[in-house]
Structure formats: structure tokens, C-alpha cells
$ cat work_0.txt   # compact mmCIF, C-alpha atoms
# COMPACT_ATOMS: atom_id res chain seq x y z
CA MET A 1 105.57 73.88 -110.41
CA SER A 2 108.64 72.63 -112.25
CA THR A 3 108.99 72.23 -116.01
CA ILE A 4 110.36 69.02 -117.47
CA THR A 5 110.91 69.05 -121.22
CA HIS A 6 111.19 66.36 -123.87
CA THR A 7 109.81 63.46 -121.81
CA ALA A 8 110.39 60.19 -123.71
CA ASN A 9 107.18 58.38 -124.53
CA ALA A 10 106.00 55.23 -126.32
CA ALA A 11 102.49 54.43 -127.46
CA TRP A 12 100.30 52.12 -129.50
CA HIS A 13 98.46 53.90 -132.32
CA LEU A 14 95.48 52.63 -134.30
CA ALA A 15 96.84 51.70 -137.73
CA ALA A 16 93.82 50.00 -139.34
CA ARG A 17 90.15 49.17 -138.76
CA PRO A 18 89.94 45.50 -137.73
CA ALA A 19 88.13 43.11 -140.05
CA GLY A 20 86.79 40.71 -137.45
CA LEU A 21 89.17 39.94 -134.60
CA PRO A 22 91.77 42.66 -133.95
CA THR A 23 95.33 41.64 -134.80
CA ALA A 24 98.79 43.06 -134.20
CA ALA A 25 98.67 44.58 -137.71
CA ASP A 26 95.90 46.92 -136.56
CA PHE A 27 98.33 48.73 -134.24
CA THR A 28 101.57 50.64 -134.69
CA TRP A 29 104.17 51.15 -131.94
CA ARG A 30 105.69 54.61 -131.93
CA GLU A 31 108.29 56.24 -129.72
CA GLY A 32 108.82 59.96 -129.34
CA THR A 33 108.81 62.82 -126.86
CA LEU A 34 106.09 64.77 -125.11
CA PRO A 35 105.89 68.56 -125.44
CA ASP A 36 106.01 70.98 -122.52
CA LEU A 37 102.87 71.32 -120.46
CA ALA A 38 100.40 74.06 -121.27
CA PRO A 39 98.49 75.84 -118.50
CA GLY A 40 95.79 73.56 -117.09
CA GLN A 41 97.57 70.37 -118.15
CA VAL A 42 99.22 67.55 -116.22
CA ARG A 43 101.73 64.87 -117.23
CA VAL A 44 100.74 61.43 -115.95
CA ARG A 45 102.83 58.25 -115.84
CA ASN A 46 100.55 55.34 -116.69
CA LEU A 47 100.60 52.57 -114.05
CA TRP A 48 97.69 50.29 -114.93
CA LEU A 49 95.83 50.01 -118.24
CA SER A 50 92.35 48.51 -118.31
CA ILE A 51 91.63 46.20 -121.25
CA ASP A 52 87.91 46.09 -122.02
CA PRO A 53 85.58 44.76 -124.74
CA THR A 54 84.66 48.36 -125.53
CA ASN A 55 88.21 48.88 -126.82
CA ARG A 56 87.09 46.87 -129.85
CA ILE A 57 83.96 49.00 -130.33
CA TRP A 58 86.02 52.20 -130.37
CA MET A 59 88.17 50.81 -133.22
CA ASN A 60 85.24 50.63 -135.65
CA ASP A 61 84.66 53.32 -138.26
CA VAL A 62 81.51 54.52 -136.53
CA ASP A 63 80.76 56.60 -133.44
CA SER A 64 79.28 54.77 -130.46
CA TYR A 65 78.64 56.28 -127.03
CA LEU A 66 82.04 57.92 -127.60
CA PRO A 67 83.56 59.13 -130.89
CA LYS A 68 85.47 56.54 -132.88
CA ILE A 69 89.27 56.49 -132.64
CA GLU A 70 90.70 58.09 -135.76
CA LEU A 71 93.39 56.21 -137.65
CA GLY A 72 96.82 57.28 -136.43
CA GLU A 73 95.61 58.32 -133.00
CA VAL A 74 96.86 56.81 -129.75
CA MET A 75 94.71 53.81 -128.90
CA ARG A 76 92.08 54.85 -126.37
CA GLY A 77 92.09 53.15 -122.99
CA ILE A 78 91.18 53.77 -119.38
CA GLY A 79 94.21 53.98 -117.12
CA ILE A 80 95.35 54.65 -113.59
CA GLY A 81 98.41 56.84 -113.31
CA ARG A 82 100.50 59.09 -111.11
CA VAL A 83 100.83 62.79 -111.79
CA GLU A 84 104.50 63.66 -112.33
CA GLU A 85 104.12 67.30 -113.35
CA SER A 86 101.23 69.72 -113.08
CA ARG A 87 100.28 73.14 -114.32
CA ASP A 88 96.87 73.10 -112.67
CA ALA A 89 96.15 73.80 -109.01
CA SER A 90 93.60 70.95 -108.76
CA LEU A 91 96.27 68.25 -109.12
CA GLN A 92 99.75 68.00 -107.66
CA ALA A 93 102.75 65.83 -108.43
CA GLY A 94 102.26 62.46 -106.73
CA ASP A 95 98.45 62.42 -107.02
CA LEU A 96 96.87 59.22 -108.31
CA VAL A 97 94.34 59.72 -111.11
CA GLN A 98 92.09 57.74 -113.40
CA GLY A 99 90.88 58.60 -116.88
CA MET A 100 91.44 58.10 -120.58
CA LEU A 101 95.21 57.83 -120.38
CA GLY A 102 95.47 55.75 -123.55
CA TRP A 103 97.79 52.93 -124.57
CA GLN A 104 100.95 54.88 -123.78
CA ARG A 105 103.58 55.28 -121.08
CA TYR A 106 102.83 58.93 -120.39
CA CYS A 107 99.77 61.06 -120.98
CA LEU A 108 99.44 64.82 -121.33
CA SER A 109 95.91 65.69 -120.31
CA PRO A 110 93.79 68.59 -119.12
CA ALA A 111 93.51 68.19 -115.37
CA ARG A 112 89.74 68.55 -115.61
CA ALA A 113 89.53 65.37 -117.74
CA LEU A 114 90.94 63.19 -114.94
CA SER A 115 89.51 61.97 -111.65
CA LYS A 116 91.66 62.06 -108.53
CA LEU A 117 91.44 58.68 -106.84
CA PRO A 118 90.37 58.57 -103.21
CA PRO A 119 92.37 56.42 -100.79
CA ILE A 120 90.93 52.94 -100.25
CA PRO A 121 91.90 50.13 -97.86
CA LEU A 122 92.80 47.93 -100.85
CA PRO A 123 95.55 47.67 -103.46
CA LEU A 124 95.53 50.34 -106.15
CA SER A 125 94.56 47.78 -108.79
CA ALA A 126 91.24 47.27 -106.95
CA HIS A 127 90.09 50.49 -108.60
CA PHE A 128 89.85 48.33 -111.75
CA GLY A 129 89.18 44.86 -110.34
CA LEU A 130 86.45 45.78 -107.86
CA LEU A 131 85.60 49.46 -108.26
CA GLY A 132 85.82 51.98 -111.12
CA HIS A 133 83.93 51.38 -114.34
CA ILE A 134 83.85 47.63 -113.70
CA GLY A 135 82.21 47.87 -110.27
CA LEU A 136 79.80 50.60 -111.34
CA THR A 137 78.67 48.58 -114.34
CA ALA A 138 78.00 45.44 -112.32
CA TYR A 139 76.37 47.20 -109.36
CA PHE A 140 74.04 49.60 -111.13
CA GLY A 141 73.33 47.25 -114.01
CA LEU A 142 71.92 44.80 -111.53
CA THR A 143 70.33 47.09 -108.92
CA ASP A 144 69.02 49.94 -111.11
CA VAL A 145 68.52 48.45 -114.56
CA GLY A 146 67.79 44.90 -113.46
CA GLN A 147 65.85 45.98 -110.35
CA ALA A 148 67.11 42.85 -108.64
CA ARG A 149 65.12 41.49 -105.70
CA ALA A 150 65.81 38.81 -103.11
CA GLY A 151 64.42 35.40 -103.98
CA GLU A 152 64.51 35.98 -107.74
CA THR A 153 66.49 33.94 -110.28
CA LEU A 154 69.36 35.79 -111.93
CA VAL A 155 71.26 34.61 -115.01
CA VAL A 156 74.70 36.10 -115.73
CA SER A 157 76.44 35.41 -119.05
CA ALA A 158 80.23 35.75 -119.47
CA ALA A 159 80.11 35.20 -115.74
CA ALA A 160 83.84 34.58 -115.30
CA GLY A 161 84.75 37.96 -116.78
CA ALA A 162 85.46 41.19 -114.94
CA VAL A 163 81.89 42.52 -114.80
CA GLY A 164 80.15 39.16 -114.84
CA SER A 165 82.02 37.77 -111.83
CA LEU A 166 81.06 40.83 -109.78
CA ALA A 167 77.44 40.62 -110.94
CA VAL A 168 77.28 37.00 -109.76
CA GLN A 169 78.41 38.01 -106.27
CA ILE A 170 76.26 41.13 -106.07
CA GLY A 171 73.27 38.94 -106.91
CA LYS A 172 74.17 36.57 -104.08
CA ASN A 173 74.62 39.47 -101.65
CA LEU A 174 71.15 40.70 -102.61
CA GLY A 175 69.65 37.30 -101.82
CA MET A 176 69.11 36.05 -105.38
CA ARG A 177 69.43 32.56 -106.82
CA VAL A 178 72.27 32.94 -109.35
CA VAL A 179 72.90 30.89 -112.48
CA ALA A 180 76.27 31.60 -114.12
CA ILE A 181 77.13 30.92 -117.77
CA ALA A 182 80.83 30.55 -118.64
CA GLY A 183 83.13 28.56 -120.89
CA GLY A 184 85.26 25.76 -119.45
CA ALA A 185 85.28 23.54 -116.38
CA GLU A 186 87.88 25.60 -114.51
CA LYS A 187 85.89 28.82 -114.82
CA CYS A 188 82.69 27.08 -113.82
CA ARG A 189 84.35 25.57 -110.73
CA TRP A 190 85.60 29.04 -109.72
CA LEU A 191 82.12 30.50 -110.08
CA SER A 192 80.52 27.72 -108.09
CA ASP A 193 83.12 26.92 -105.45
CA GLU A 194 84.55 30.39 -104.77
CA LEU A 195 81.98 32.93 -105.90
CA GLY A 196 78.90 31.08 -104.72
CA ALA A 197 76.88 30.64 -107.92
CA ASP A 198 73.95 28.30 -107.23
CA ALA A 199 74.23 26.66 -110.64
CA VAL A 200 76.56 26.91 -113.63
CA ILE A 201 76.24 26.27 -117.34
CA ASP A 202 79.42 25.44 -119.24
CA TYR A 203 78.55 26.56 -122.77
CA LYS A 204 81.55 24.62 -124.11
CA ALA A 205 80.16 21.36 -122.76
CA GLU A 206 76.40 21.91 -122.80
CA ASP A 207 73.85 23.59 -125.02
CA VAL A 208 72.77 26.83 -123.33
CA ASP A 209 69.08 26.16 -124.03
CA ALA A 210 69.34 22.78 -122.34
CA GLY A 211 71.38 24.25 -119.51
CA LEU A 212 68.75 26.89 -118.82
CA GLN A 213 66.00 24.29 -118.83
CA ARG A 214 68.02 22.30 -116.29
CA THR A 215 69.02 25.19 -114.02
CA CYS A 216 66.00 27.52 -114.37
CA PRO A 217 62.97 25.19 -114.39
CA ASP A 218 60.72 27.99 -113.12
CA GLY A 219 62.13 30.63 -115.47
CA VAL A 220 64.38 33.68 -115.29
CA ASP A 221 63.55 36.94 -113.47
CA VAL A 222 66.67 38.94 -114.30
CA ASP A 223 69.29 38.48 -117.01
CA PHE A 224 72.61 40.33 -116.76
CA GLU A 225 73.54 40.01 -120.40
CA ASN A 226 77.16 40.29 -121.54
CA VAL A 227 77.16 38.06 -124.61
CA GLY A 228 74.09 38.63 -126.79
CA GLY A 229 73.42 36.50 -129.86
CA ARG A 230 72.34 32.92 -129.21
CA THR A 231 72.89 33.25 -125.49
CA LEU A 232 70.44 36.14 -125.21
CA ASP A 233 67.98 34.28 -127.41
CA ALA A 234 68.13 31.25 -125.12
CA VAL A 235 67.48 33.37 -122.04
CA LEU A 236 64.54 35.13 -123.71
CA GLY A 237 63.01 31.70 -124.20
CA ARG A 238 62.96 31.20 -120.41
CA ILE A 239 61.95 34.61 -119.05
CA LYS A 240 59.17 34.90 -116.48
CA LEU A 241 56.36 37.41 -116.29
CA GLY A 242 57.83 40.88 -115.76
CA ALA A 243 61.43 39.79 -116.39
CA ARG A 244 64.17 42.39 -116.79
CA ILE A 245 67.16 42.06 -119.11
CA ALA A 246 70.06 44.41 -118.28
CA LEU A 247 71.92 44.63 -121.58
CA CYS A 248 75.52 45.26 -120.53
CA GLY A 249 77.44 43.84 -123.49
CA MET A 250 77.23 41.90 -126.76
CA ILE A 251 80.73 40.48 -126.95
CA SER A 252 79.65 37.67 -129.28
CA GLN A 253 79.01 40.27 -131.99
CA TYR A 254 81.81 42.82 -131.61
CA ASN A 255 83.98 41.13 -134.24
CA ALA A 256 81.16 40.27 -136.65
CA THR A 257 81.93 41.06 -140.28
CA ALA A 258 78.27 40.92 -141.37
CA PRO A 259 75.00 41.83 -139.63
CA GLU A 260 73.90 39.27 -137.06
CA PRO A 261 70.32 37.93 -137.15
CA GLY A 262 67.97 39.35 -134.55
CA PRO A 263 66.71 37.29 -131.59
CA ALA A 264 64.14 34.70 -132.62
CA ASN A 265 62.57 34.78 -129.15
CA LEU A 266 61.94 38.53 -129.05
CA ALA A 267 58.17 37.94 -128.92
CA ARG A 268 58.66 36.50 -125.44
CA LEU A 269 59.22 40.05 -124.18
CA LEU A 270 55.71 40.89 -125.33
CA MET A 271 54.02 37.78 -123.97
CA GLN A 272 55.82 37.95 -120.62
CA ARG A 273 55.64 41.77 -120.42
CA GLY A 274 59.40 41.80 -120.05
CA ARG A 275 61.81 44.69 -120.41
CA ILE A 276 65.23 44.88 -122.06
CA GLN A 277 67.34 47.96 -121.38
CA GLY A 278 70.83 48.85 -122.48
CA PHE A 279 73.04 50.97 -120.26
CA ILE A 280 76.51 52.49 -120.19
CA VAL A 281 78.67 53.13 -117.14
CA LEU A 282 78.80 56.84 -118.01
CA ASP A 283 75.17 57.02 -116.85
CA TYR A 284 76.28 56.37 -113.26
CA LEU A 285 79.53 58.25 -112.76
CA ASP A 286 77.88 60.73 -110.39
CA ARG A 287 76.88 57.84 -108.09
CA ALA A 288 80.29 56.15 -107.94
CA ALA A 289 80.67 56.65 -104.18
CA GLU A 290 77.38 54.83 -103.55
CA ALA A 291 78.56 51.70 -105.34
CA ALA A 292 82.10 51.85 -103.92
CA GLU A 293 80.81 51.93 -100.36
CA LYS A 294 78.80 48.75 -100.87
CA LEU A 295 81.46 46.88 -102.86
CA ILE A 296 84.28 47.67 -100.42
CA ALA A 297 82.14 46.70 -97.44
CA TRP A 298 81.21 43.38 -99.03
CA HIS A 299 84.84 42.71 -99.94
CA LEU A 300 86.17 43.47 -96.46
CA ALA A 301 83.47 41.22 -95.00
CA GLY A 302 84.64 38.36 -97.23
CA ARG A 303 81.49 38.46 -99.36
CA MET A 304 82.99 39.84 -102.58
CA LYS A 305 86.08 38.66 -104.43
CA TYR A 306 87.81 39.84 -107.56
CA ARG A 307 90.49 38.33 -109.75
CA LEU A 308 93.03 40.13 -111.91
CA ASP A 309 94.45 38.75 -115.16
CA VAL A 310 97.64 40.82 -115.46
CA THR A 311 99.80 41.16 -118.57
CA GLU A 312 103.22 42.69 -117.96
CA GLY A 313 104.36 45.56 -120.17
CA LEU A 314 102.66 48.06 -122.47
CA GLU A 315 104.26 46.26 -125.42
CA GLN A 316 101.86 43.36 -124.78
CA ALA A 317 98.64 45.40 -124.79
CA PRO A 318 97.38 44.06 -128.18
CA ALA A 319 97.91 40.49 -126.94
CA ALA A 320 96.02 41.32 -123.75
CA LEU A 321 93.07 42.55 -125.82
CA GLY A 322 93.07 39.24 -127.65
CA LYS A 323 92.46 37.39 -124.37
CA LEU A 324 88.97 38.88 -124.13
CA PHE A 325 87.83 37.47 -127.46
CA ALA A 326 89.62 34.15 -127.10
CA GLY A 327 87.92 33.71 -123.73
CA THR A 328 91.20 32.79 -122.03
CA ASN A 329 90.95 35.35 -119.23
CA THR A 330 89.36 34.89 -115.84
CA GLY A 331 88.47 38.15 -114.11
CA LYS A 332 89.69 41.62 -115.01
CA VAL A 333 92.29 41.96 -117.77
CA LEU A 334 94.93 44.58 -116.94
CA VAL A 335 98.27 45.64 -118.35
CA ARG A 336 100.92 46.74 -115.87
CA VAL A 337 102.55 49.69 -117.64
CA SER A 338 104.96 50.76 -114.90
CA ASP A 339 105.65 50.21 -111.21
CA GLU A 340 103.45 52.01 -108.76
$ encode --input "work_0.txt" --output "C-alpha cells"
Amino acid sequence: MSTITHTANAAWHLAARPAGLPTAADFTWREGTLPDLAPGQVRVRNLWLSIDPTNRIWMNDVDSYLPKIELGEVMRGIGIGRVEESRDASLQAGDLVQGMLGWQRYCLSPARALSKLPPIPLPLSAHFGLLGHIGLTAYFGLTDVGQARAGETLVVSAAAGAVGSLAVQIGKNLGMRVVAIAGGAEKCRWLSDELGADAVIDYKAEDVDAGLQRTCPDGVDVDFENVGGRTLDAVLGRIKLGARIALCGMISQYNATAPEPGPANLARLLMQRGRIQGFIVLDYLDRAAEAAEKLIAWHLAGRMKYRLDVTEGLEQAPAALGKLFAGTNTGKVLVRVSDE
């Protein structure tokens, strides 16, 4: 094991707690050097950085399912990288790993905190576009939390996003009738023409309540909820007896500067004996291979697609985060940090 000292690094650090939408002023770019490795550590060159709505949650001054990011710390983010130096027998130089690499070019990490990536018959970026935390969230949110069954009606909000677009296709592969909610004609055409959604609601052109009445005349069995707020309230107004709501995300509220009102249709859960359950991908990490096997098989059979929205360069990471809340992305938002 060789020792390389004073590795040049650059990173985005959290400079301020966002008030509403995150801005460039909430981050500080710093350049410096990495220290020598300690026993049990590895040095990883970041290749791909995943940009997720949960990045915004971690910036708040409150702990969530993970501790908050402290001011001055490197911005937290899930990355794929290549080990360049190791002082732990479990990982060798050249290994590909995934973990909390952060918004930085290089990461010094305990080897035990990273997952060695298995080889797959797909590009490396598929670990974020199809598999990884995105694929696990869509697959288990629908099959375990949503208890999806063939012949049922599924509604997916933020359906043109990374998780939503996979949930739409998983629903179709399970034999469901799928109604996709997205913003804009282009996204809706993609969901219908390429991903196979049975019906679409363009929330920019149609009231969601009216759209659900039009597309779900017999009601909703399963809701894969990514938006919350008024969208969730509209779906609750249409749920059938025994409906299940898999609460994956609440992106409509992540930048709220004041408490949002609760759902007005919450009583429908009581009357229809429905169930709403939140879940986090961390609940399913030990079953990753189960989901990957299904998702890869569907993809290779032409029954599962994924789309990447790639921003070039770590310097552009804050702008990439802004895409999620402006709704300008289609598919999985990634930052290419360095060449594979």
C-alpha cells in the first residue's frame, strides 16, 4: 500500500441555512489538500455525484433521518468513486465504491463506510439512474409499502423525476393501471409514449383534482407520493376502500418558510380504511440485491428505462440542485465530477 501525501482537493461547504429555495450564497467553494491516510481509511476520487431532494432536507437546522449538516462542513451527498489509495484490506486501489462521498473531488473515508459496487452489464451511472438508492426507493416503496397488485390503479406524482419514472414502470411491470402526474407537455409525452403510463395529468395545464376525476373515475388503490401538499390532498379525495399511500417525498414543502396546512381530506383515510406510510431507503439496504435483480432483468428485456440529467463539473453542483426545485429536470440529476 503506497502513501500519497498532500492530495489537492476542492469542495463545496455549507455556508448558511437556506431561507426557502437554496441559493449559491448558501455554499462556499474551498480548495485545499487532504491529509495522509490513517489505518482503515481509503482515498476515493469522486466520479458521479447524486443530486437528490433530500440534500435540501439535510441543510436545515434540524436532524432528520440523518443528522443535519453543520455549517462549515462539506456538503453531504451520495457519490460513486474509485479508490486511489487504501489502508484497509477490504478495499484496493481501483475498486469502485458508493457512499457519502460529499460534494468534493476526493473523499477520505473509513473503508467500512463505503459499499464496493458489484459489476453490472450496464454503464456505471446506472447505479444511480436505475439501481442504488433510486431503484431501491421506487421498488420497495411500491411493492412493500404500497403492496401493489395487478389490476389496481396506481397514481405517481413527480412522475418524470428519478424515482417517479421508475415507479411508473415498475407499476406497469406488475400489471397495474398507472396514472402519472408531471409538469409540462414534454414530460407527459415521455411518460405516456416511452414509459407506458396509461394516463397523464399535466399539473401545469390542468387542475389535479379535475385530472384525477378524469383519469381515475373508479378511484385510486395505490398512491406513490413524491409531492405532498395539494397533490396529496387531491389523491386522498379519490382513494378507494383499503387504499395505500406510500409517502416517498414531500418536495412541495421542502423550501417552505412557514408551516404548511395539513391535508383537508385526511378523513378519507378513516372512511376508506386507507393507510399512509412513510419510508426511507435506509430501511431496505439489506435487500438491495433483490431489487437490483428485478430492475436489471426488466431493463435488459426492454421493459424498464431510465434517463440521466447530467451536469458537468463539481463547480456546478449548486445549480444542479436548483433543477430539482425548478422542475426543469427529467429523470435522475447527476453531476459528473471526474472521468471514469
$ closest_residue --input "work_0.txt" --among "A:Leu131, A:Leu122, A:Ile57, A:Val178" --to "Met250 (chain A)" --atoms "all atoms listed in the file"
A:Ile57
$ residues_near_point --input "work_0.txt" --point "(65.0, 46.1, -122.4)" --cutoff "7 Å" --atoms "only C-alpha atoms" --output "ChimeraX atom specification"
/A:244-246,275-278
$ closest_residue --input "work_0.txt" --among "A:Gly32, A:Gly242, A:Gly161, A:Pro121" --to "Phe325 (chain A)" --atoms "only C-alpha atoms"
A:Gly161
$ atom_distance --input "work_0.txt" --atom1 "CA of Arg87 (chain A)" --atom2 "CA of Lys116 (chain A)"
15.2 Å
$ atom_distance --input "work_0.txt" --atom1 "CA of Leu282 (chain A)" --atom2 "CA of Leu136 (chain A)"
9.2 Å
$ closest_residue --input "work_0.txt" --among "A:Gly229, A:Pro119, A:Pro67, A:Gly211" --to "Pro259 (chain A)" --atoms "all atoms listed in the file"
A:Gly229
$ closest_residue --input "work_0.txt" --among "A:Val42, A:Ile120, A:Leu195, A:Leu47" --to "Ala292 (chain A)" --atoms "all atoms listed in the file"
A:Ile120
$ residues_around --input "work_0.txt" --residues "region 294-303 of chain A" --least-positions-apart "5" --cutoff "8 Å" --atoms "only C-alpha atoms" --output "list in words"
Leu130, Leu131, Gly135, Gln169 and Asn173 of chain A
$ residues_around --input "work_0.txt" --residues "Val155 (chain A)" --least-positions-apart "3" --cutoff "7 Å" --atoms "only C-alpha atoms" --output "ChimeraX atom specification"
/A:178-180,220,222-224
$ closest_residue --input "work_0.txt" --among "A:Ile280, A:Ala182, A:Met176, A:Val44" --to "Leu114 (chain A)" --atoms "all atoms listed in the file"
A:Val44
$ atom_distance --input "work_0.txt" --atom1 "CA of Gly81 (chain A)" --atom2 "CA of Ala288 (chain A)"
18.9 Å
$ closest_residue --input "work_0.txt" --among "A:Asp339, A:Asp209, A:Glu293, A:Glu73" --to "Pro118 (chain A)" --atoms "all atoms listed in the file"
A:Glu293
$ residues_near_point --input "work_0.txt" --point "(58.6, 37.2, -127.6)" --cutoff "12 Å" --atoms "all atoms listed in the file" --output "number ranges by chain"
A: 233-241, 243, 262-276
$ build_atoms --input "work_0.txt" --residues "region 35-49 of chain A" --atoms "N, CA, C and O atoms" --output "mmCIF file, in the frame of the given file"
data_model
loop_
_atom_site.group_PDB
_atom_site.id
_atom_site.type_symbol
_atom_site.label_atom_id
_atom_site.label_comp_id
_atom_site.auth_asym_id
_atom_site.auth_seq_id
_atom_site.Cartn_x
_atom_site.Cartn_y
_atom_site.Cartn_z
ATOM 1 N N PRO A 35 105.595 67.125 -125.503
ATOM 2 C CA PRO A 35 105.890 68.560 -125.440
ATOM 3 C C PRO A 35 105.792 69.080 -124.008
ATOM 4 O O PRO A 35 105.365 68.363 -123.092
ATOM 5 N N ASP A 36 106.176 70.334 -123.828
ATOM 6 C CA ASP A 36 106.010 70.980 -122.520
ATOM 7 C C ASP A 36 104.528 71.084 -122.187
ATOM 8 O O ASP A 36 103.666 71.116 -123.067
ATOM 9 N N LEU A 37 104.253 71.157 -120.911
ATOM 10 C CA LEU A 37 102.870 71.320 -120.460
ATOM 11 C C LEU A 37 102.368 72.727 -120.768
ATOM 12 O O LEU A 37 103.093 73.712 -120.618
ATOM 13 N N ALA A 38 101.094 72.786 -121.152
ATOM 14 C CA ALA A 38 100.400 74.060 -121.270
ATOM 15 C C ALA A 38 99.663 74.331 -119.960
ATOM 16 O O ALA A 38 99.433 73.406 -119.169
ATOM 17 N N PRO A 39 99.280 75.553 -119.702
ATOM 18 C CA PRO A 39 98.490 75.840 -118.500
ATOM 19 C C PRO A 39 97.231 74.970 -118.449
ATOM 20 O O PRO A 39 96.554 74.775 -119.460
ATOM 21 N N GLY A 40 96.947 74.418 -117.270
ATOM 22 C CA GLY A 40 95.790 73.560 -117.090
ATOM 23 C C GLY A 40 96.034 72.093 -117.375
ATOM 24 O O GLY A 40 95.150 71.253 -117.178
ATOM 25 N N GLN A 41 97.251 71.748 -117.810
ATOM 26 C CA GLN A 41 97.570 70.370 -118.150
ATOM 27 C C GLN A 41 98.382 69.691 -117.051
ATOM 28 O O GLN A 41 99.025 70.344 -116.223
ATOM 29 N N VAL A 42 98.365 68.355 -117.081
ATOM 30 C CA VAL A 42 99.220 67.550 -116.220
ATOM 31 C C VAL A 42 99.886 66.476 -117.062
ATOM 32 O O VAL A 42 99.382 66.083 -118.116
ATOM 33 N N ARG A 43 101.040 66.014 -116.612
ATOM 34 C CA ARG A 43 101.730 64.870 -117.230
ATOM 35 C C ARG A 43 101.600 63.701 -116.269
ATOM 36 O O ARG A 43 101.977 63.788 -115.098
ATOM 37 N N VAL A 44 101.054 62.592 -116.773
ATOM 38 C CA VAL A 44 100.740 61.430 -115.950
ATOM 39 C C VAL A 44 101.538 60.231 -116.444
ATOM 40 O O VAL A 44 101.574 59.950 -117.644
ATOM 41 N N ARG A 45 102.183 59.527 -115.516
ATOM 42 C CA ARG A 45 102.830 58.250 -115.840
ATOM 43 C C ARG A 45 101.804 57.140 -115.652
ATOM 44 O O ARG A 45 101.232 56.975 -114.581
ATOM 45 N N ASN A 46 101.549 56.398 -116.712
ATOM 46 C CA ASN A 46 100.550 55.340 -116.690
ATOM 47 C C ASN A 46 101.060 54.158 -115.859
ATOM 48 O O ASN A 46 102.175 53.665 -116.080
ATOM 49 N N LEU A 47 100.258 53.708 -114.903
ATOM 50 C CA LEU A 47 100.600 52.570 -114.050
ATOM 51 C C LEU A 47 99.859 51.308 -114.485
ATOM 52 O O LEU A 47 100.456 50.256 -114.688
ATOM 53 N N TRP A 48 98.541 51.421 -114.579
ATOM 54 C CA TRP A 48 97.690 50.290 -114.930
ATOM 55 C C TRP A 48 96.792 50.671 -116.106
ATOM 56 O O TRP A 48 96.176 51.740 -116.106
ATOM 57 N N LEU A 49 96.697 49.795 -117.084
ATOM 58 C CA LEU A 49 95.830 50.010 -118.240
ATOM 59 C C LEU A 49 94.729 48.956 -118.230
ATOM 60 O O LEU A 49 95.005 47.758 -118.163
#
